[in-house]
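Heads up: the structure comes next, in structure tokens.
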Amino acid sequence: MTEPATIDAAFATLAAKWGALDFLVHAIAFSDKDQLSGRYIDTTPDNFRNTMLVSCYSFTAVAQRAEKLMPGGGALLTLTYYGAEKWMPHYNVMGVAKAALEASVRYLAADLGEKSIRVNAISSGPIKTLAASGIGDFRYILKWNEHNAPLRRSVTIEEVGDTAVYFLCDLSRGVTGEIHHVDAGYHRRRQGMTVALAPSFRRSIAAGNARRQARPAIYYIRHGLTDWNVAQRLQGRHDVPLNAAGCAQAACCAAILQDLFRREGRAPESFDYVSSPLVRARATMEIVRAALGLEPAGYAIAGQLAEIAFGEWEGLTYAQVMARDKQVIAARESDKWSFAPPGGESYAQVAVRIRHWYETVARDTVVAAHGGTARALIAHLGLAPPQDAAHYSIDQGAVYLFAGNRLIRHE
């Protein structure tokens, strides 16, 4: 969304295939997660520009192109948040960008109204998603909304989707330039009229904060690339070594860690280092430690961090498994968290051993392990619902920081 040529190409494809558009939904935002905590005043110029470009101007950019594909009228819809209207903790420059986005809705509505193109925005209340986990104290913000919104609950994704249908169809043909709140009425809460939290809830918030502050940080690295990864073969518990690209990815992760440690003012030896017992993870860890100036073999091994077992599927590609039994693949995709391949494990089973491992973590730790165990950790820490965590992409050559109630990807 930052390159006009890319946007032009997308709309050229749409024009060639469909000729016209009935509606367009703008649902993109970006800001450096590291700058959503702390003070807004410390926002850097680069992050301010990038946040505004992606989170705000991109809506105007797509509206310019959509106008030409809506000769008979249409609907443009974007997504905003209450942080555009009031100060919200851990939102910082995103609040400024969302405020600008809401102003864009009003000006675009004025420009496009004569062509019967309606422009509106949905301001949703907080919803527990993986993206939201990047906002500090999100779970407590969610609880606060539940206790203070007139409906005494949070909204659901389905309720936001139902509202979008209204704005995108003729039921809203007389509505434009609106910022429509779907937040269980929270935006109507008056100052001085806040519902008091029950003492038990205040205690649970305090206890939750104490647990969050005491929770060690995990710097999680997925092992580097292997030849089986390249061939898209399911590895599971097979001990497949790194290839040359995988070794380079491990070295890249070491450089990322060096930068993070330098910014945090910490020495590499102040962390614990733990690896899966599988050779691809251990080789990754040893490359990382050597690059950090540490003894390569000076790390612990935790069997609970071994990759999810694929049983009879190991060594096969998904295409080969599907050729054997399409219904089995369909069953897995419909409930990826609970499904176990023949002779293998489910993510739910992996989560049990991950929980046992996590209970042993005493201080901030660097981990070299696998995609499956990372997904189980995401679910265990409550950063996403289990079914969402099971589909989360864990990339090689990146460092995933589990800190407090946030997951931050560094590359």
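In the structure tokens, the first chain shown is A, the next is B, and so on; residue numbers restart at 1 for each chain, and ligands run from 1 in the order shown.
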From a DSSP calculation on the backbone, collect every residue of region 142-376 of chain A in strand (DSSP E or B) and output the set as a JSON list (two decimals) with N, CA and C atoms, in the first residue's frame.
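What landed in selection.json:
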[["chain", "number", "residue", "atom", "x", "y", "z"],
["A", 179, "ILE", "N", -19.28, 7.94, 11.02],
["A", 179, "ILE", "CA", -18.41, 7.08, 11.83],
["A", 179, "ILE", "C", -19.36, 6.33, 12.76],
["A", 180, "HIS", "N", -19.60, 5.08, 12.45],
["A", 180, "HIS", "CA", -20.62, 4.29, 13.15],
["A", 180, "HIS", "C", -19.96, 3.39, 14.19],
["A", 181, "HIS", "N", -20.32, 3.57, 15.45],
["A", 181, "HIS", "CA", -19.71, 2.80, 16.54],
["A", 181, "HIS", "C", -20.41, 1.46, 16.73],
["A", 182, "VAL", "N", -19.60, 0.42, 16.78],
["A", 182, "VAL", "CA", -20.09, -0.91, 17.14],
["A", 182, "VAL", "C", -19.24, -1.33, 18.34],
["A", 218, "ILE", "N", 10.20, -14.18, 26.34],
["A", 218, "ILE", "CA", 10.71, -15.27, 25.51],
["A", 218, "ILE", "C", 11.10, -14.71, 24.15],
["A", 219, "TYR", "N", 12.36, -14.86, 23.77],
["A", 219, "TYR", "CA", 12.84, -14.47, 22.44],
["A", 219, "TYR", "C", 12.86, -15.76, 21.61],
["A", 220, "TYR", "N", 11.83, -15.92, 20.79],
["A", 220, "TYR", "CA", 11.58, -17.21, 20.15],
["A", 220, "TYR", "C", 12.06, -17.21, 18.70],
["A", 221, "ILE", "N", 12.87, -18.21, 18.36],
["A", 221, "ILE", "CA", 13.40, -18.35, 17.00],
["A", 221, "ILE", "C", 12.95, -19.69, 16.43],
["A", 222, "ARG", "N", 12.31, -19.66, 15.28],
["A", 222, "ARG", "CA", 12.05, -20.92, 14.58],
["A", 222, "ARG", "C", 13.34, -21.34, 13.88],
["A", 226, "THR", "N", 15.42, -26.04, 6.05],
["A", 226, "THR", "CA", 15.98, -27.36, 5.73],
["A", 226, "THR", "C", 15.57, -27.73, 4.31],
["A", 233, "ARG", "N", 7.92, -30.81, 2.61],
["A", 233, "ARG", "CA", 7.63, -32.09, 3.27],
["A", 233, "ARG", "C", 7.42, -31.85, 4.76],
["A", 242, "LEU", "N", 19.88, -28.42, 9.01],
["A", 242, "LEU", "CA", 19.78, -27.15, 8.29],
["A", 242, "LEU", "C", 20.51, -27.24, 6.95],
["A", 272, "ASP", "N", 18.80, -16.89, 29.66],
["A", 272, "ASP", "CA", 18.89, -18.34, 29.52],
["A", 272, "ASP", "C", 18.70, -18.69, 28.05],
["A", 273, "TYR", "N", 19.25, -19.85, 27.63],
["A", 273, "TYR", "CA", 19.14, -20.30, 26.25],
["A", 273, "TYR", "C", 18.67, -21.75, 26.27],
["A", 274, "VAL", "N", 17.57, -22.01, 25.55],
["A", 274, "VAL", "CA", 16.97, -23.35, 25.55],
["A", 274, "VAL", "C", 16.61, -23.74, 24.13],
["A", 275, "SER", "N", 16.85, -25.01, 23.77],
["A", 275, "SER", "CA", 16.56, -25.49, 22.42],
["A", 275, "SER", "C", 15.72, -26.76, 22.47],
["A", 300, "ALA", "N", 20.61, -25.20, 27.28],
["A", 300, "ALA", "CA", 19.84, -26.33, 27.78],
["A", 300, "ALA", "C", 18.97, -26.90, 26.66],
["A", 301, "ILE", "N", 18.58, -28.16, 26.82],
["A", 301, "ILE", "CA", 17.69, -28.83, 25.87],
["A", 301, "ILE", "C", 16.40, -29.19, 26.61],
["A", 317, "THR", "N", 4.31, -34.51, 1.50],
["A", 317, "THR", "CA", 3.81, -33.16, 1.31],
["A", 317, "THR", "C", 2.30, -33.17, 1.54],
["A", 365, "THR", "N", 14.40, -15.64, 28.34],
["A", 365, "THR", "CA", 15.01, -16.82, 27.70],
["A", 365, "THR", "C", 14.98, -16.70, 26.18],
["A", 366, "VAL", "N", 16.07, -17.12, 25.55],
["A", 366, "VAL", "CA", 16.14, -17.25, 24.10],
["A", 366, "VAL", "C", 15.85, -18.71, 23.77],
["A", 367, "VAL", "N", 14.90, -18.94, 22.86],
["A", 367, "VAL", "CA", 14.45, -20.28, 22.52],
["A", 367, "VAL", "C", 14.68, -20.54, 21.03],
["A", 368, "ALA", "N", 15.20, -21.70, 20.70],
["A", 368, "ALA", "CA", 15.25, -22.16, 19.30],
["A", 368, "ALA", "C", 14.39, -23.40, 19.21],
["A", 369, "ALA", "N", 13.32, -23.33, 18.45],
["A", 369, "ALA", "CA", 12.40, -24.47, 18.38],
["A", 369, "ALA", "C", 11.67, -24.47, 17.04]]
Find the spatial neighbours of Phe30 (chain A), counting only C-alpha atoms, within a cut-off of 8 Å - ignore same-chain residues fewer than 6 positions away - and output them as a compact mmCIF listing (two decimals) with C-alpha atoms, in the first residue's frame.
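Dumped to result_5.txt:
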# COMPACT_ATOMS: atom_id res chain seq x y z
CA ASN A 50 4.76 5.32 7.66
CA THR A 51 1.83 5.09 10.06
CA VAL A 54 -0.42 3.07 5.50
CA SER A 55 -3.18 3.64 8.06
CA MET A 94 -2.21 5.07 15.72
* Asked: For the atom pair CA of His187 (chain A) and CA of Leu76 (chain A), what is the interatomic distance in Å to one decimal place?
  -> 23.1 Å
* **For region 388-401 of chain A: contacts at 6 Å, only C-alpha atoms, fewer than 3 positions along chain excluded, given as a ChimeraX atom specification** => /A:218-222,224,249,253,337,371,375,379,384-385,407-411
Now that the selection is made, can you save its residues with N, CA and C atoms as a compact mmCIF listing (two decimals), in the first residue's frame?
# COMPACT_ATOMS: atom_id res chain seq x y z
N ILE A 218 10.20 -14.18 26.34
CA ILE A 218 10.71 -15.27 25.51
C ILE A 218 11.10 -14.71 24.15
N TYR A 219 12.36 -14.86 23.77
CA TYR A 219 12.84 -14.47 22.44
C TYR A 219 12.86 -15.76 21.61
N TYR A 220 11.83 -15.92 20.79
CA TYR A 220 11.58 -17.21 20.15
C TYR A 220 12.06 -17.21 18.70
N ILE A 221 12.87 -18.21 18.36
CA ILE A 221 13.40 -18.35 17.00
C ILE A 221 12.95 -19.69 16.43
N ARG A 222 12.31 -19.66 15.28
CA ARG A 222 12.05 -20.92 14.58
C ARG A 222 13.34 -21.34 13.88
N GLY A 224 16.18 -22.62 11.29
CA GLY A 224 16.40 -22.21 9.91
C GLY A 224 15.89 -23.24 8.91
N GLN A 249 19.90 -17.93 7.88
CA GLN A 249 18.77 -17.40 8.64
C GLN A 249 19.08 -17.37 10.13
N CYS A 253 19.11 -14.14 12.66
CA CYS A 253 18.43 -14.04 13.96
C CYS A 253 19.38 -13.57 15.05
N TRP A 337 -6.76 -27.16 15.60
CA TRP A 337 -6.25 -27.22 16.95
C TRP A 337 -6.38 -28.62 17.56
N GLY A 371 7.75 -24.15 14.52
CA GLY A 371 6.50 -23.43 14.30
C GLY A 371 5.35 -23.96 15.15
N ARG A 375 3.09 -21.90 18.03
CA ARG A 375 1.63 -21.72 17.99
C ARG A 375 0.99 -22.16 19.31
N ALA A 379 -1.20 -19.75 22.10
CA ALA A 379 -2.49 -20.09 22.71
C ALA A 379 -2.37 -20.18 24.23
N ALA A 384 -4.01 -15.42 21.53
CA ALA A 384 -4.99 -15.66 20.47
C ALA A 384 -5.80 -16.88 20.87
N PRO A 385 -7.06 -16.96 20.40
CA PRO A 385 -7.83 -18.18 20.62
C PRO A 385 -7.10 -19.37 19.99
N LEU A 407 2.90 -10.09 21.56
CA LEU A 407 3.79 -10.84 20.68
C LEU A 407 4.28 -9.89 19.61
N ILE A 408 5.60 -9.67 19.57
CA ILE A 408 6.19 -8.71 18.64
C ILE A 408 7.17 -9.44 17.74
N ARG A 409 6.98 -9.28 16.43
CA ARG A 409 7.85 -9.94 15.45
C ARG A 409 8.95 -8.98 15.03
N HIS A 410 10.20 -9.42 15.15
CA HIS A 410 11.35 -8.61 14.74
C HIS A 410 12.06 -9.31 13.59
N GLU A 411 12.43 -8.53 12.58
CA GLU A 411 13.18 -9.10 11.45
C GLU A 411 14.21 -8.10 10.94
DSSP says helix (DSSP H, G or I) for which residues of region 214-369 of chain A? Put them as an mmCIF file with N, CA and C atoms, in the first residue's frame?
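Contents of the output file states_7.cif:
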data_model
loop_
_atom_site.group_PDB
_atom_site.id
_atom_site.type_symbol
_atom_site.label_atom_id
_atom_site.label_comp_id
_atom_site.auth_asym_id
_atom_site.auth_seq_id
_atom_site.Cartn_x
_atom_site.Cartn_y
_atom_site.Cartn_z
ATOM 1 N N ALA A 214 5.625 -10.096 36.115
ATOM 2 C CA ALA A 214 6.581 -11.104 36.545
ATOM 3 C C ALA A 214 6.877 -12.121 35.453
ATOM 4 N N ASP A 227 16.194 -28.766 3.787
ATOM 5 C CA ASP A 227 15.811 -29.232 2.447
ATOM 6 C C ASP A 227 14.366 -29.729 2.435
ATOM 7 N N TRP A 228 13.912 -30.271 3.555
ATOM 8 C CA TRP A 228 12.513 -30.716 3.628
ATOM 9 C C TRP A 228 11.560 -29.523 3.601
ATOM 10 N N ASN A 229 11.943 -28.413 4.225
ATOM 11 C CA ASN A 229 11.135 -27.200 4.112
ATOM 12 C C ASN A 229 11.002 -26.777 2.657
ATOM 13 N N VAL A 230 12.138 -26.801 1.946
ATOM 14 C CA VAL A 230 12.134 -26.395 0.538
ATOM 15 C C VAL A 230 11.212 -27.295 -0.277
ATOM 16 N N ALA A 244 22.201 -24.594 3.762
ATOM 17 C CA ALA A 244 23.007 -23.370 3.791
ATOM 18 C C ALA A 244 22.142 -22.137 4.057
ATOM 19 N N ALA A 245 20.960 -22.101 3.443
ATOM 20 C CA ALA A 245 20.058 -20.963 3.675
ATOM 21 C C ALA A 245 19.604 -20.915 5.128
ATOM 22 N N GLY A 246 19.364 -22.093 5.723
ATOM 23 C CA GLY A 246 18.952 -22.156 7.118
ATOM 24 C C GLY A 246 20.025 -21.637 8.052
ATOM 25 N N CYS A 247 21.284 -21.944 7.750
ATOM 26 C CA CYS A 247 22.393 -21.422 8.557
ATOM 27 C C CYS A 247 22.459 -19.894 8.452
ATOM 28 N N ALA A 248 22.224 -19.367 7.254
ATOM 29 C CA ALA A 248 22.229 -17.917 7.070
ATOM 30 C C ALA A 248 21.081 -17.270 7.843
ATOM 31 N N GLN A 249 19.903 -17.931 7.878
ATOM 32 C CA GLN A 249 18.773 -17.398 8.638
ATOM 33 C C GLN A 249 19.080 -17.370 10.134
ATOM 34 N N ALA A 250 19.761 -18.394 10.626
ATOM 35 C CA ALA A 250 20.143 -18.420 12.037
ATOM 36 C C ALA A 250 21.081 -17.255 12.354
ATOM 37 N N ALA A 251 22.030 -16.996 11.478
ATOM 38 C CA ALA A 251 22.941 -15.875 11.676
ATOM 39 C C ALA A 251 22.188 -14.549 11.659
ATOM 40 N N CYS A 252 21.184 -14.459 10.807
ATOM 41 C CA CYS A 252 20.345 -13.260 10.749
ATOM 42 C C CYS A 252 19.619 -13.049 12.083
ATOM 43 N N CYS A 253 19.106 -14.136 12.662
ATOM 44 C CA CYS A 253 18.429 -14.038 13.958
ATOM 45 C C CYS A 253 19.381 -13.567 15.046
ATOM 46 N N ALA A 254 20.627 -14.011 14.975
ATOM 47 C CA ALA A 254 21.628 -13.554 15.941
ATOM 48 C C ALA A 254 21.823 -12.046 15.836
ATOM 49 N N ALA A 255 21.855 -11.528 14.611
ATOM 50 C CA ALA A 255 22.013 -10.081 14.418
ATOM 51 C C ALA A 255 20.814 -9.323 14.974
ATOM 52 N N ILE A 256 19.624 -9.873 14.798
ATOM 53 C CA ILE A 256 18.417 -9.245 15.350
ATOM 54 C C ILE A 256 18.496 -9.204 16.876
ATOM 55 N N LEU A 257 18.909 -10.330 17.472
ATOM 56 C CA LEU A 257 19.044 -10.377 18.933
ATOM 57 C C LEU A 257 20.088 -9.370 19.418
ATOM 58 N N GLN A 258 21.213 -9.290 18.717
ATOM 59 C CA GLN A 258 22.249 -8.330 19.110
ATOM 60 C C GLN A 258 21.685 -6.915 19.148
ATOM 61 N N ASP A 259 20.895 -6.568 18.137
ATOM 62 C CA ASP A 259 20.304 -5.229 18.080
ATOM 63 C C ASP A 259 19.311 -5.022 19.222
ATOM 64 N N LEU A 260 18.479 -6.030 19.488
ATOM 65 C CA LEU A 260 17.506 -5.925 20.583
ATOM 66 C C LEU A 260 18.213 -5.790 21.927
ATOM 67 N N PHE A 261 19.214 -6.614 22.158
ATOM 68 C CA PHE A 261 19.933 -6.563 23.430
ATOM 69 C C PHE A 261 20.623 -5.207 23.610
ATOM 70 N N ARG A 262 21.186 -4.682 22.519
ATOM 71 C CA ARG A 262 21.872 -3.386 22.598
ATOM 72 C C ARG A 262 20.874 -2.286 22.964
ATOM 73 N N ARG A 263 19.688 -2.314 22.339
ATOM 74 C CA ARG A 263 18.681 -1.303 22.643
ATOM 75 C C ARG A 263 18.170 -1.424 24.073
ATOM 76 N N GLU A 264 18.126 -2.664 24.584
ATOM 77 C CA GLU A 264 17.643 -2.884 25.941
ATOM 78 C C GLU A 264 18.740 -2.696 26.983
ATOM 79 N N PRO A 268 24.286 -10.458 26.340
ATOM 80 C CA PRO A 268 23.766 -11.772 25.913
ATOM 81 C C PRO A 268 23.803 -12.823 27.018
ATOM 82 N N GLU A 269 24.813 -12.745 27.893
ATOM 83 C CA GLU A 269 24.928 -13.767 28.939
ATOM 84 C C GLU A 269 23.908 -13.605 30.058
ATOM 85 N N SER A 270 23.102 -12.533 30.017
ATOM 86 C CA SER A 270 22.096 -12.337 31.063
ATOM 87 C C SER A 270 20.820 -13.126 30.796
ATOM 88 N N VAL A 279 17.886 -31.661 15.732
ATOM 89 C CA VAL A 279 19.162 -31.119 15.284
ATOM 90 C C VAL A 279 19.010 -29.783 14.565
ATOM 91 N N ARG A 280 17.918 -29.567 13.850
ATOM 92 C CA ARG A 280 17.752 -28.301 13.134
ATOM 93 C C ARG A 280 17.604 -27.127 14.105
ATOM 94 N N ALA A 281 16.969 -27.362 15.247
ATOM 95 C CA ALA A 281 16.849 -26.318 16.265
ATOM 96 C C ALA A 281 18.169 -26.126 17.002
ATOM 97 N N ARG A 282 18.837 -27.231 17.322
ATOM 98 C CA ARG A 282 20.102 -27.134 18.048
ATOM 99 C C ARG A 282 21.169 -26.425 17.207
ATOM 100 N N ALA A 283 21.221 -26.736 15.917
ATOM 101 C CA ALA A 283 22.194 -26.059 15.045
ATOM 102 C C ALA A 283 21.889 -24.564 14.983
ATOM 103 N N THR A 284 20.602 -24.209 14.922
ATOM 104 C CA THR A 284 20.209 -22.802 14.927
ATOM 105 C C THR A 284 20.701 -22.122 16.197
ATOM 106 N N MET A 285 20.464 -22.765 17.344
ATOM 107 C CA MET A 285 20.884 -22.192 18.615
ATOM 108 C C MET A 285 22.400 -22.016 18.679
ATOM 109 N N GLU A 286 23.143 -22.992 18.196
ATOM 110 C CA GLU A 286 24.596 -22.910 18.277
ATOM 111 C C GLU A 286 25.159 -21.806 17.388
ATOM 112 N N ILE A 287 24.555 -21.600 16.221
ATOM 113 C CA ILE A 287 24.985 -20.493 15.352
ATOM 114 C C ILE A 287 24.684 -19.162 16.037
ATOM 115 N N VAL A 288 23.501 -19.066 16.655
ATOM 116 C CA VAL A 288 23.107 -17.836 17.344
ATOM 117 C C VAL A 288 24.076 -17.536 18.494
ATOM 118 N N ARG A 289 24.346 -18.528 19.324
ATOM 119 C CA ARG A 289 25.212 -18.302 20.484
ATOM 120 C C ARG A 289 26.631 -17.929 20.052
ATOM 121 N N ALA A 290 27.135 -18.583 19.035
ATOM 122 C CA ALA A 290 28.487 -18.263 18.561
ATOM 123 C C ALA A 290 28.559 -16.817 18.071
ATOM 124 N N ALA A 291 27.530 -16.384 17.355
ATOM 125 C CA ALA A 291 27.508 -15.010 16.843
ATOM 126 C C ALA A 291 27.377 -13.986 17.966
ATOM 127 N N GLY A 303 12.890 -31.286 26.019
ATOM 128 C CA GLY A 303 12.142 -32.187 25.150
ATOM 129 C C GLY A 303 10.750 -31.691 24.837
ATOM 130 N N GLN A 304 10.181 -30.870 25.743
ATOM 131 C CA GLN A 304 8.818 -30.359 25.507
ATOM 132 C C GLN A 304 8.749 -29.419 24.309
ATOM 133 N N LEU A 305 9.910 -28.909 23.864
ATOM 134 C CA LEU A 305 9.938 -27.962 22.740
ATOM 135 C C LEU A 305 10.055 -28.655 21.384
ATOM 136 N N GLY A 311 3.201 -38.000 12.743
ATOM 137 C CA GLY A 311 2.924 -39.427 12.627
ATOM 138 C C GLY A 311 3.185 -39.968 11.241
ATOM 139 N N GLU A 312 2.170 -40.639 10.692
ATOM 140 C CA GLU A 312 2.304 -41.273 9.379
ATOM 141 C C GLU A 312 2.479 -40.272 8.242
ATOM 142 N N TRP A 313 2.215 -39.013 8.495
ATOM 143 C CA TRP A 313 2.347 -38.001 7.452
ATOM 144 C C TRP A 313 3.792 -37.523 7.268
ATOM 145 N N TYR A 318 1.724 -31.985 1.727
ATOM 146 C CA TYR A 318 0.265 -31.918 1.889
ATOM 147 C C TYR A 318 -0.442 -32.427 0.641
ATOM 148 N N ALA A 319 0.160 -32.173 -0.507
ATOM 149 C CA ALA A 319 -0.446 -32.653 -1.748
ATOM 150 C C ALA A 319 -0.524 -34.183 -1.758
ATOM 151 N N GLN A 320 0.522 -34.827 -1.249
ATOM 152 C CA GLN A 320 0.521 -36.288 -1.197
ATOM 153 C C GLN A 320 -0.498 -36.799 -0.174
ATOM 154 N N VAL A 321 -0.588 -36.120 0.963
ATOM 155 C CA VAL A 321 -1.587 -36.524 1.963
ATOM 156 C C VAL A 321 -2.997 -36.338 1.409
ATOM 157 N N MET A 322 -3.216 -35.236 0.704
ATOM 158 C CA MET A 322 -4.545 -34.976 0.145
ATOM 159 C C MET A 322 -4.894 -36.006 -0.918
ATOM 160 N N ALA A 323 -3.885 -36.438 -1.690
ATOM 161 C CA ALA A 323 -4.135 -37.452 -2.711
ATOM 162 C C ALA A 323 -4.575 -38.764 -2.078
ATOM 163 N N ARG A 324 -4.096 -39.027 -0.868
ATOM 164 C CA ARG A 324 -4.498 -40.243 -0.161
ATOM 165 C C ARG A 324 -5.919 -40.140 0.380
ATOM 166 N N LYS A 326 -8.677 -36.821 0.898
ATOM 167 C CA LYS A 326 -9.058 -35.408 0.959
ATOM 168 C C LYS A 326 -9.880 -35.102 2.204
ATOM 169 N N GLN A 327 -10.664 -36.074 2.664
ATOM 170 C CA GLN A 327 -11.521 -35.834 3.819
ATOM 171 C C GLN A 327 -10.708 -35.618 5.089
ATOM 172 N N VAL A 328 -9.564 -36.288 5.180
ATOM 173 C CA VAL A 328 -8.712 -36.118 6.355
ATOM 174 C C VAL A 328 -8.165 -34.696 6.402
ATOM 175 N N ILE A 329 -7.704 -34.193 5.274
ATOM 176 C CA ILE A 329 -7.206 -32.821 5.214
ATOM 177 C C ILE A 329 -8.327 -31.850 5.540
ATOM 178 N N ALA A 330 -9.517 -32.089 5.020
ATOM 179 C CA ALA A 330 -10.658 -31.210 5.312
ATOM 180 C C ALA A 330 -10.977 -31.207 6.795
ATOM 181 N N ALA A 331 -10.886 -32.388 7.421
ATOM 182 C CA ALA A 331 -11.147 -32.478 8.859
ATOM 183 C C ALA A 331 -10.122 -31.677 9.643
ATOM 184 N N ARG A 332 -8.875 -31.728 9.209
ATOM 185 C CA ARG A 332 -7.817 -30.973 9.908
ATOM 186 C C ARG A 332 -8.034 -29.477 9.759
ATOM 187 N N GLU A 333 -8.372 -29.028 8.566
ATOM 188 C CA GLU A 333 -8.560 -27.600 8.349
ATOM 189 C C GLU A 333 -9.777 -27.066 9.084
ATOM 190 N N SER A 334 -10.781 -27.897 9.310
ATOM 191 C CA SER A 334 -11.980 -27.449 10.019
ATOM 192 C C SER A 334 -11.755 -27.343 11.519
ATOM 193 N N TYR A 347 -2.445 -29.965 18.150
ATOM 194 C CA TYR A 347 -1.897 -28.781 18.809
ATOM 195 C C TYR A 347 -2.335 -28.734 20.272
ATOM 196 N N ALA A 348 -3.516 -29.230 20.563
ATOM 197 C CA ALA A 348 -3.985 -29.257 21.946
ATOM 198 C C ALA A 348 -3.051 -30.099 22.813
ATOM 199 N N GLN A 349 -2.555 -31.208 22.264
ATOM 200 C CA GLN A 349 -1.613 -32.050 23.010
ATOM 201 C C GLN A 349 -0.255 -31.357 23.162
ATOM 202 N N VAL A 350 0.185 -30.671 22.117
ATOM 203 C CA VAL A 350 1.447 -29.939 22.192
ATOM 204 C C VAL A 350 1.359 -28.849 23.261
ATOM 205 N N ALA A 351 0.192 -28.216 23.365
ATOM 206 C CA ALA A 351 0.014 -27.135 24.334
ATOM 207 C C ALA A 351 0.209 -27.616 25.770
ATOM 208 N N VAL A 352 -0.114 -28.870 26.029
ATOM 209 C CA VAL A 352 0.053 -29.414 27.384
ATOM 210 C C VAL A 352 1.532 -29.445 27.755
ATOM 211 N N ARG A 353 2.366 -29.969 26.832
ATOM 212 C CA ARG A 353 3.804 -30.022 27.165
ATOM 213 C C ARG A 353 4.433 -28.637 27.149
ATOM 214 N N ILE A 354 3.918 -27.730 26.314
ATOM 215 C CA ILE A 354 4.426 -26.360 26.323
ATOM 216 C C ILE A 354 4.104 -25.689 27.658
ATOM 217 N N ARG A 355 2.924 -25.963 28.188
ATOM 218 C CA ARG A 355 2.565 -25.390 29.492
ATOM 219 C C ARG A 355 3.520 -25.891 30.571
ATOM 220 N N HIS A 356 3.808 -27.179 30.542
ATOM 221 C CA HIS A 356 4.729 -27.741 31.532
ATOM 222 C C HIS A 356 6.121 -27.118 31.399
ATOM 223 N N TRP A 357 6.578 -26.905 30.152
ATOM 224 C CA TRP A 357 7.879 -26.275 29.956
ATOM 225 C C TRP A 357 7.861 -24.836 30.459
ATOM 226 N N TYR A 358 6.824 -24.085 30.121
ATOM 227 C CA TYR A 358 6.771 -22.669 30.466
ATOM 228 C C TYR A 358 6.790 -22.457 31.979
#
* Asked: Which is closer to Ala403 (chain A) than all the others in A:Val96, A:Pro150, A:Asp42, A:Asp34, using only C-alpha atoms?
  ->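 Looking at the shortest contact to Ala403 (chain A), the residue is A:Asp34.
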Contact residues around Ala66 (chain A) with only C-alpha atoms at 9 Å, ignoring same-chain residues under 3 positions, as a PDB file with C-alpha atoms, in the first residue's frame:
ATOM      1  CA  PHE A  11      -7.046  -2.021  -9.694  1.00  0.00           C
ATOM      2  CA  ALA A  20     -16.674  -2.279 -12.166  1.00  0.00           C
ATOM      3  CA  LEU A  21     -16.889  -2.343  -8.373  1.00  0.00           C
ATOM      4  CA  PHE A  23     -18.019  -1.681  -2.882  1.00  0.00           C
ATOM      5  CA  LEU A  24     -14.566  -1.565  -1.342  1.00  0.00           C
ATOM      6  CA  ALA A  61      -5.350   6.269  -2.538  1.00  0.00           C
ATOM      7  CA  VAL A  62      -7.758   3.377  -3.090  1.00  0.00           C
ATOM      8  CA  ALA A  63     -10.741   5.755  -3.206  1.00  0.00           C
ATOM      9  CA  LEU A  69     -14.792   1.732 -11.280  1.00  0.00           C
ATOM     10  CA  MET A  70     -18.065   2.934  -9.710  1.00  0.00           C
ATOM     11  CA  LEU A  76     -16.432   2.678   0.456  1.00  0.00           C
TER      12      LEU A  76
END
* Asked: Pick from A:Gly113, A:Thr360, A:Arg65, A:Asp325: nearest to Ala10 (chain A), with only C-alpha atoms counted?
  ->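 Checking each candidate against Ala10 (chain A), we get A:Arg65 as the closest.
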* Out of A:Ala27, A:Leu36, A:Ala109, A:Val119, which residue has the shortest atom-to-atom distance to Ser58 (chain A) when counting only C-alpha atoms? -> A:Ala27
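Distances from A:Ala75, A:Ile157, A:Val93, A:Leu101 to Thr176 (chain A) were compared using only C-alpha atoms, and the smallest one belongs to A:Ala75.
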